[in-house]
Amino acid sequence: MMLNFCDEGEVKWSFDTAVKDDGDMLEYNLGGVKFQIAQDPGNLVVGASIWRSGQILAQRIITGTENTSEDETAGMLPVEFRAAGLAGRSGLELGAGCAGLVGLALAMRGCTRVVLTDQAEVLPMLRENVRRFLIAAAAAPDGTMPAGCAALTGAIVVRELDWLNAYQVAEAAAAEGFDRVVCADGTYAESLHLAFLASTSATSASDAAILFMSDMRSSREHFAFRNCFGGEDALGRFIVKVLIQNLQNSRFPNLNKMGETGERIDDRLSLSAGWSDQKLMLLHWRNREEAVKVRLGLSEILTTSTC
């Protein structure tokens, strides 16, 4: 089962965001790498199944290199997350779930070091799925991936990062920040936004590019997230740009009026059915010097706990 929300933010249980499959094993093809993914659709742990946004964002990173007349949404992928922008970079996925598809896409497209993070409960499945992926990637035809990418060298690490665990967040802040940070469906609960903000801040280098995609469940949740991360009357650490959303979405018509941090956007894109009810957001630190201070502040718990 998966969490779902009505427009007022009321929690409901449903299968709307889960990948529907007859069993616990899913045959998957990620950019030519074919492997089996273990999942547990009956588990109430939200990361135990593959969510729709993770699939869409992973495939977009794999295929969205240039805009073409056949695929009008491809040009909406930021340059930082196309092949040239990923080459030689480090990548991290927050809330990777049981499969870490978005992080694996970074590893295939050129990142040389990738870390997949989530809560402890889903890490055994995630590690097993990464193992299967690496075996399949090693057997993929030449030219499927660039030489030296993490998918070929095996430089993919699975690590626990519980957003509500202040010590783990502090450890992340004390370590080197990542160049590219991604998350699929991490904004679903308003009660987690501050913890999500802290984890994003802790893991993102001062010049990082951050890419989030989520299913559109609640306009309240959506605007609360944007205010938490980028609102001038809140912490306002990041510049938040909404790159893609369903501009014809009748369920949430007010979204059509909002762009970067509350500004109006142009109705310049008619989305294909594959992007229905999705939102794609690009974030950068508002101030690089402030980024260093924030990450240093988040890491201070390590010093105080050892005194």
# chains A, B, ... in the order shown; residues from 1 in each chain; ligands from 1
$ closest_atom_pairs --of "region 123-193 of chain A" --to "region 90-95 of chain A" --cutoff "8 Å" --atoms "only C-alpha atoms" --output "Markdown table"
| residue | atom | partner | partner_atom | distance |
| --- | --- | --- | --- | --- |
| A:Leu161 | CA | A:Leu94 | CA | 8.0 |
| A:Phe178 | CA | A:Ser90 | CA | 5.5 |
| A:Asp179 | CA | A:Ser90 | CA | 5.3 |
| A:Arg180 | CA | A:Gly91 | CA | 4.7 |
| A:Val181 | CA | A:Leu92 | CA | 4.9 |
| A:Val182 | CA | A:Glu93 | CA | 4.9 |
| A:Cys183 | CA | A:Leu94 | CA | 5.1 |
| A:Ala184 | CA | A:Gly95 | CA | 7.4 |
| A:Gly186 | CA | A:Gly95 | CA | 6.7 |
$ write_last_selection --atoms "N, CA and C atoms" --output "mmCIF file, in the first residue's frame"
data_model
loop_
_atom_site.group_PDB
_atom_site.id
_atom_site.type_symbol
_atom_site.label_atom_id
_atom_site.label_comp_id
_atom_site.auth_asym_id
_atom_site.auth_seq_id
_atom_site.Cartn_x
_atom_site.Cartn_y
_atom_site.Cartn_z
ATOM 1 N N LEU A 161 20.340 6.780 5.524
ATOM 2 C CA LEU A 161 20.152 8.189 5.879
ATOM 3 C C LEU A 161 18.681 8.392 6.205
ATOM 4 N N PHE A 178 27.643 16.534 -2.360
ATOM 5 C CA PHE A 178 27.513 15.914 -3.677
ATOM 6 C C PHE A 178 27.193 16.967 -4.742
ATOM 7 N N ASP A 179 27.663 16.686 -5.958
ATOM 8 C CA ASP A 179 27.455 17.606 -7.075
ATOM 9 C C ASP A 179 26.025 17.570 -7.594
ATOM 10 N N ARG A 180 25.427 16.374 -7.621
ATOM 11 C CA ARG A 180 24.081 16.187 -8.150
ATOM 12 C C ARG A 180 23.272 15.398 -7.119
ATOM 13 N N VAL A 181 22.158 15.965 -6.713
ATOM 14 C CA VAL A 181 21.293 15.330 -5.719
ATOM 15 C C VAL A 181 19.908 15.168 -6.332
ATOM 16 N N VAL A 182 19.332 13.980 -6.199
ATOM 17 C CA VAL A 182 18.028 13.698 -6.791
ATOM 18 C C VAL A 182 17.117 13.057 -5.746
ATOM 19 N N CYS A 183 15.828 13.216 -5.970
ATOM 20 C CA CYS A 183 14.846 12.553 -5.127
ATOM 21 C C CYS A 183 13.536 12.442 -5.896
ATOM 22 N N ALA A 184 12.915 11.285 -5.838
ATOM 23 C CA ALA A 184 11.614 11.065 -6.463
ATOM 24 C C ALA A 184 10.580 10.822 -5.378
ATOM 25 N N GLY A 186 9.668 12.651 -2.715
ATOM 26 C CA GLY A 186 10.086 12.904 -1.340
ATOM 27 C C GLY A 186 9.278 13.979 -0.641
#
$ residues_around --residues "Phe133 (chain A)" --least-positions-apart "5" --cutoff "12 Å" --atoms "only C-alpha atoms" --output "number ranges by chain"
A: 27-38, 99-101, 103-105, 107-108, 126-128, 138-140, 150-152, 154, 156
$ atom_distance --atom1 "CA of Tyr188 (chain A)" --atom2 "CA of Ala209 (chain A)"
21.1 Å
$ closest_residue --among "A:Arg109, A:Arg132, A:Arg237, A:Arg159" --to "Ser206 (chain A)" --atoms "only C-alpha atoms"
A:Arg237
$ residues_around --residues "region 284-301 of chain A" --least-positions-apart "2" --cutoff "8 Å" --atoms "only C-alpha atoms" --output "list in words"
Ala166, Tyr167, Val169, Ala170, Glu171, Ala172, Ala173, Ala174, Ala198, Ser201, Ala202, Ala205, Ser206, Asp207, Ala208, Ala209, Ile210, Gly236, Arg237, Phe238, Ile239, Val240, Leu282, Thr303, Thr304 and Ser305 of chain A
$ select_by_dssp --residues "region 80-232 of chain A" --states "alpha helix (DSSP H)" --output "ChimeraX atom specification"
/A:83-86,101-109,123-138,150-153,166-174,193-203,219-230
$ closest_residue --among "A:Gly177, A:Met25, A:Ser191, A:Gln278" --to "Val242 (chain A)" --atoms "only C-alpha atoms"
A:Gln278
